[in-house]
Amino acid sequence: MNDTRMPALFLGHGSPMNVLEDNRYTRAWQHLGQTLPRPRAILAVSAHWYTRGTAVTAMENPRTIHDFGGFPQALFDVRYPAPGEPALAQRIIELLAPISVKADQDWGLDHGSWGVLAKMYPQADIPVVQLSIDSSQPPAWHFEMGRRLAALRDEGVMIIASGNVVHNLRMLRWQGAVSAYPWAERFNEYVREHLAEAGEPTSHPLVNYQQHADAIMANPTAEHYLPLLYILGARSTDDAISIPVEGMEMGAISMMSVQVG
C-alpha cells in the first residue's frame, strides 16, 4: 500500500446502543481510531441515508441526527459536533461526475455514521462529509462509486462505510444468549470467503450477492449491505484486507467489520 494512502473501513454498526456501551465491537472501533493513520477528513457512507438519487452533506456544521426510537434518553442526548467540509463535498461531486450529486444542506450525520465515529474519534475534531446511497441503483453501480472515490484515500481522506452484512430485523431473537440462524451464518461466511477476491463488478461474488441462496433472508432490503461495496470498490490491487472484529448478534445481525489497507 502507498505509505500515504488512507485505509478504508466497513464497520458493522449494529444497535445504536453501542454508542453507550463498552463491548468488543466498540473497543475494536476505538483501537482503529487509536492505531490507524489520522485522516485529515472522513467520508462516511451510512446505511441510514438511503435516498433516490445521490447527495453529499455540504454544510459547515452538520447536525447530529437521532434517527431511531425506543432507546434511553441518554442516547438522544449524545451529540457528535464534528465539522463539515464543503470543499471536500465539492471534490466528491467532481469525482463522481457525470453522476448528478446534490450538495445537501439539510441532512447531517445519522447514527450509522456518528455511532461509530463517536468511538473512533471521540473528540469530534476531524471534518466529516456523508454520502447518501442511491436506492434506485444496482449493486455494481455502488461498487463503481467506491472506485471513483478511491482517489480520496491518497488525499488524506478516510472512507468509512457503515452497515451490516447480515441485517434482518424481523428475525431478531431477543431473549438471552442466542445462536445465529444457519442462513445468517452461511451468508456471513460467504462474505468472509470472498472479501479478498479481485475482478470486475460484473463477476465479483459480493457484488452479485443476491445470487446466494440465503441473500434474501440475510438482507431483506439492501441498504445495510451496500456500504460494503463502496469499500471493496475503493480497494487497490496492493491493499491487504482484514477483519478487525466480527460476531453475530441476536441471531440475525452480523457485526463483521472489514479493513482495506
# chains A, B, ... in the order shown; residues from 1 in each chain; ligands from 1
>>> residues_around(residues="range 242-252 of chain A", least_positions_apart="6", cutoff="7 Å", atoms="only C-alpha atoms", output="list of chain:residue names")
A:Tyr25, A:Ala28, A:Val166, A:His167, A:Asn168, A:Met171, A:Leu172, A:Arg173, A:Trp174, A:Val178, A:Ser179, A:Ala180, A:Tyr181, A:Ala184, A:Val258, A:Gln259, A:Val260
>>> write_last_selection(atoms="N, CA and C atoms", output="PDB file, in the first residue's frame")
ATOM      1  N   TYR A  25     -16.966  -4.886  20.162  1.00  0.00           N
ATOM      2  CA  TYR A  25     -17.091  -4.146  18.905  1.00  0.00           C
ATOM      3  C   TYR A  25     -16.644  -2.698  19.103  1.00  0.00           C
ATOM      4  N   ALA A  28     -12.972  -2.446  19.466  1.00  0.00           N
ATOM      5  CA  ALA A  28     -12.285  -2.586  18.181  1.00  0.00           C
ATOM      6  C   ALA A  28     -12.309  -1.272  17.412  1.00  0.00           C
ATOM      7  N   VAL A 166     -25.173  -8.912   7.384  1.00  0.00           N
ATOM      8  CA  VAL A 166     -26.423  -9.632   7.638  1.00  0.00           C
ATOM      9  C   VAL A 166     -27.284  -8.717   8.495  1.00  0.00           C
ATOM     10  N   HIS A 167     -28.511  -8.446   8.048  1.00  0.00           N
ATOM     11  CA  HIS A 167     -29.356  -7.469   8.750  1.00  0.00           C
ATOM     12  C   HIS A 167     -30.819  -7.797   8.482  1.00  0.00           C
ATOM     13  N   ASN A 168     -31.407  -8.564   9.386  1.00  0.00           N
ATOM     14  CA  ASN A 168     -32.819  -8.941   9.255  1.00  0.00           C
ATOM     15  C   ASN A 168     -33.510  -8.681  10.588  1.00  0.00           C
ATOM     16  N   MET A 171     -36.322 -10.970  12.115  1.00  0.00           N
ATOM     17  CA  MET A 171     -35.983 -12.289  12.635  1.00  0.00           C
ATOM     18  C   MET A 171     -35.140 -12.240  13.903  1.00  0.00           C
ATOM     19  N   LEU A 172     -35.018 -11.082  14.519  1.00  0.00           N
ATOM     20  CA  LEU A 172     -34.180 -10.965  15.713  1.00  0.00           C
ATOM     21  C   LEU A 172     -34.683 -11.858  16.848  1.00  0.00           C
ATOM     22  N   ARG A 173     -33.752 -12.453  17.546  1.00  0.00           N
ATOM     23  CA  ARG A 173     -34.035 -13.232  18.744  1.00  0.00           C
ATOM     24  C   ARG A 173     -33.671 -12.367  19.944  1.00  0.00           C
ATOM     25  N   TRP A 174     -34.664 -12.038  20.739  1.00  0.00           N
ATOM     26  CA  TRP A 174     -34.494 -11.017  21.770  1.00  0.00           C
ATOM     27  C   TRP A 174     -34.089 -11.574  23.133  1.00  0.00           C
ATOM     28  N   VAL A 178     -28.292 -16.263  22.387  1.00  0.00           N
ATOM     29  CA  VAL A 178     -28.902 -16.982  21.276  1.00  0.00           C
ATOM     30  C   VAL A 178     -27.848 -17.283  20.225  1.00  0.00           C
ATOM     31  N   SER A 179     -28.059 -18.345  19.488  1.00  0.00           N
ATOM     32  CA  SER A 179     -27.179 -18.679  18.381  1.00  0.00           C
ATOM     33  C   SER A 179     -27.702 -18.031  17.110  1.00  0.00           C
ATOM     34  N   ALA A 180     -26.817 -17.886  16.147  1.00  0.00           N
ATOM     35  CA  ALA A 180     -27.216 -17.300  14.875  1.00  0.00           C
ATOM     36  C   ALA A 180     -28.030 -18.304  14.070  1.00  0.00           C
ATOM     37  N   TYR A 181     -28.938 -17.796  13.277  1.00  0.00           N
ATOM     38  CA  TYR A 181     -29.656 -18.654  12.347  1.00  0.00           C
ATOM     39  C   TYR A 181     -28.658 -19.277  11.363  1.00  0.00           C
ATOM     40  N   ALA A 184     -28.037 -17.112   8.400  1.00  0.00           N
ATOM     41  CA  ALA A 184     -27.203 -15.951   8.697  1.00  0.00           C
ATOM     42  C   ALA A 184     -25.730 -16.340   8.733  1.00  0.00           C
ATOM     43  N   VAL A 258     -14.656  -4.707   8.140  1.00  0.00           N
ATOM     44  CA  VAL A 258     -13.682  -5.021   7.103  1.00  0.00           C
ATOM     45  C   VAL A 258     -12.749  -3.827   6.922  1.00  0.00           C
ATOM     46  N   GLN A 259     -11.454  -4.106   6.930  1.00  0.00           N
ATOM     47  CA  GLN A 259     -10.436  -3.065   6.750  1.00  0.00           C
ATOM     48  C   GLN A 259      -9.692  -3.305   5.450  1.00  0.00           C
ATOM     49  N   VAL A 260      -9.637  -2.281   4.619  1.00  0.00           N
ATOM     50  CA  VAL A 260      -8.870  -2.308   3.376  1.00  0.00           C
ATOM     51  C   VAL A 260      -7.655  -1.414   3.560  1.00  0.00           C
TER      52      VAL A 260
END
>>> select_by_dssp(residues="range 132-177 of chain A", states="strand (DSSP E or B)", output="PDB file with all heavy atoms, in the first residue's frame")
ATOM      1  N   SER A 132     -24.869   9.897   0.518  1.00  0.00           N
ATOM      2  CA  SER A 132     -26.055   9.043   0.557  1.00  0.00           C
ATOM      3  C   SER A 132     -25.891   7.843  -0.376  1.00  0.00           C
ATOM      4  O   SER A 132     -25.024   7.809  -1.251  1.00  0.00           O
ATOM      5  CB  SER A 132     -27.304   9.834   0.177  1.00  0.00           C
ATOM      6  OG  SER A 132     -27.384  10.026  -1.221  1.00  0.00           O
ATOM      7  N   ILE A 133     -26.758   6.839  -0.177  1.00  0.00           N
ATOM      8  CA  ILE A 133     -26.782   5.639  -1.002  1.00  0.00           C
ATOM      9  C   ILE A 133     -28.023   5.701  -1.879  1.00  0.00           C
ATOM     10  O   ILE A 133     -29.149   5.774  -1.371  1.00  0.00           O
ATOM     11  CB  ILE A 133     -26.810   4.377  -0.116  1.00  0.00           C
ATOM     12  CG1 ILE A 133     -25.541   4.308   0.739  1.00  0.00           C
ATOM     13  CG2 ILE A 133     -26.951   3.122  -0.968  1.00  0.00           C
ATOM     14  CD1 ILE A 133     -25.576   3.182   1.764  1.00  0.00           C
ATOM     15  N   ASP A 134     -27.822   5.670  -3.181  1.00  0.00           N
ATOM     16  CA  ASP A 134     -28.940   5.771  -4.124  1.00  0.00           C
ATOM     17  C   ASP A 134     -29.667   4.429  -4.197  1.00  0.00           C
ATOM     18  O   ASP A 134     -29.144   3.440  -4.730  1.00  0.00           O
ATOM     19  CB  ASP A 134     -28.411   6.172  -5.502  1.00  0.00           C
ATOM     20  CG  ASP A 134     -29.530   6.451  -6.502  1.00  0.00           C
ATOM     21  OD1 ASP A 134     -30.692   6.084  -6.227  1.00  0.00           O
ATOM     22  OD2 ASP A 134     -29.239   7.033  -7.563  1.00  0.00           O
ATOM     23  N   VAL A 157      -8.045  11.430   3.052  1.00  0.00           N
ATOM     24  CA  VAL A 157      -9.436  11.205   3.442  1.00  0.00           C
ATOM     25  C   VAL A 157      -9.651   9.713   3.709  1.00  0.00           C
ATOM     26  O   VAL A 157      -9.342   8.879   2.855  1.00  0.00           O
ATOM     27  CB  VAL A 157     -10.409  11.683   2.344  1.00  0.00           C
ATOM     28  CG1 VAL A 157     -11.858  11.408   2.752  1.00  0.00           C
ATOM     29  CG2 VAL A 157     -10.198  13.179   2.083  1.00  0.00           C
ATOM     30  N   MET A 158     -10.174   9.387   4.875  1.00  0.00           N
ATOM     31  CA  MET A 158     -10.526   8.018   5.203  1.00  0.00           C
ATOM     32  C   MET A 158     -11.982   7.785   4.838  1.00  0.00           C
ATOM     33  O   MET A 158     -12.856   8.563   5.228  1.00  0.00           O
ATOM     34  CB  MET A 158     -10.306   7.737   6.693  1.00  0.00           C
ATOM     35  CG  MET A 158     -10.527   6.272   7.078  1.00  0.00           C
ATOM     36  SD  MET A 158     -10.295   5.968   8.872  1.00  0.00           S
ATOM     37  CE  MET A 158      -8.523   6.231   9.037  1.00  0.00           C
ATOM     38  N   ILE A 159     -12.231   6.733   4.076  1.00  0.00           N
ATOM     39  CA  ILE A 159     -13.598   6.355   3.732  1.00  0.00           C
ATOM     40  C   ILE A 159     -14.070   5.343   4.770  1.00  0.00           C
ATOM     41  O   ILE A 159     -13.450   4.296   4.955  1.00  0.00           O
ATOM     42  CB  ILE A 159     -13.674   5.755   2.315  1.00  0.00           C
ATOM     43  CG1 ILE A 159     -13.097   6.740   1.291  1.00  0.00           C
ATOM     44  CG2 ILE A 159     -15.124   5.414   1.961  1.00  0.00           C
ATOM     45  CD1 ILE A 159     -12.972   6.157  -0.116  1.00  0.00           C
ATOM     46  N   ILE A 160     -15.155   5.673   5.458  1.00  0.00           N
ATOM     47  CA  ILE A 160     -15.723   4.798   6.486  1.00  0.00           C
ATOM     48  C   ILE A 160     -17.176   4.523   6.125  1.00  0.00           C
ATOM     49  O   ILE A 160     -18.027   5.416   6.177  1.00  0.00           O
ATOM     50  CB  ILE A 160     -15.617   5.411   7.887  1.00  0.00           C
ATOM     51  CG1 ILE A 160     -14.150   5.678   8.245  1.00  0.00           C
ATOM     52  CG2 ILE A 160     -16.268   4.487   8.927  1.00  0.00           C
ATOM     53  CD1 ILE A 160     -13.950   6.325   9.617  1.00  0.00           C
ATOM     54  N   ALA A 161     -17.452   3.293   5.729  1.00  0.00           N
ATOM     55  CA  ALA A 161     -18.816   2.882   5.404  1.00  0.00           C
ATOM     56  C   ALA A 161     -19.369   2.073   6.569  1.00  0.00           C
ATOM     57  O   ALA A 161     -18.639   1.355   7.246  1.00  0.00           O
ATOM     58  CB  ALA A 161     -18.834   2.061   4.116  1.00  0.00           C
ATOM     59  N   SER A 162     -20.664   2.186   6.788  1.00  0.00           N
ATOM     60  CA  SER A 162     -21.279   1.598   7.976  1.00  0.00           C
ATOM     61  C   SER A 162     -22.592   0.933   7.615  1.00  0.00           C
ATOM     62  O   SER A 162     -23.449   1.534   6.978  1.00  0.00           O
ATOM     63  CB  SER A 162     -21.503   2.715   9.013  1.00  0.00           C
ATOM     64  OG  SER A 162     -22.281   2.270  10.085  1.00  0.00           O
ATOM     65  N   GLY A 163     -22.729  -0.334   8.017  1.00  0.00           N
ATOM     66  CA  GLY A 163     -23.944  -1.089   7.779  1.00  0.00           C
ATOM     67  C   GLY A 163     -23.845  -2.418   8.505  1.00  0.00           C
ATOM     68  O   GLY A 163     -23.264  -2.485   9.590  1.00  0.00           O
ATOM     69  N   HIS A 167     -28.511  -8.446   8.048  1.00  0.00           N
ATOM     70  CA  HIS A 167     -29.356  -7.469   8.750  1.00  0.00           C
ATOM     71  C   HIS A 167     -30.819  -7.797   8.482  1.00  0.00           C
ATOM     72  O   HIS A 167     -31.392  -7.399   7.476  1.00  0.00           O
ATOM     73  CB  HIS A 167     -29.027  -6.051   8.268  1.00  0.00           C
ATOM     74  CG  HIS A 167     -29.725  -4.971   9.033  1.00  0.00           C
ATOM     75  ND1 HIS A 167     -30.931  -4.414   8.618  1.00  0.00           N
ATOM     76  CD2 HIS A 167     -29.398  -4.337  10.186  1.00  0.00           C
ATOM     77  CE1 HIS A 167     -31.299  -3.491   9.483  1.00  0.00           C
ATOM     78  NE2 HIS A 167     -30.395  -3.411  10.440  1.00  0.00           N
TER      79      HIS A 167
END
>>> residues_around(residues="range 100-103 of chain A", least_positions_apart="6", cutoff="6 Å", atoms="only C-alpha atoms", output="number ranges by chain")
A: 54-56, 58, 93
>>> atom_distance(atom1="CA of Ala198 in chain A", atom2="CA of Trp141 in chain A")
16.2 Å
>>> residues_around(residues="Ser236 in chain A", least_positions_apart="4", cutoff="12 Å", atoms="only C-alpha atoms", output="list in words")
Met1, Asn2, Arg5, Met6, Pro7, Ala8, Gly146, Arg147, Arg148, Leu149, Ala150, Ala151, Arg153, Asp154, Ala196, Glu197, Ala198, Gly199, Ile231, Leu232, Ala240, Ile241, Val260 and Gly261 of chain A
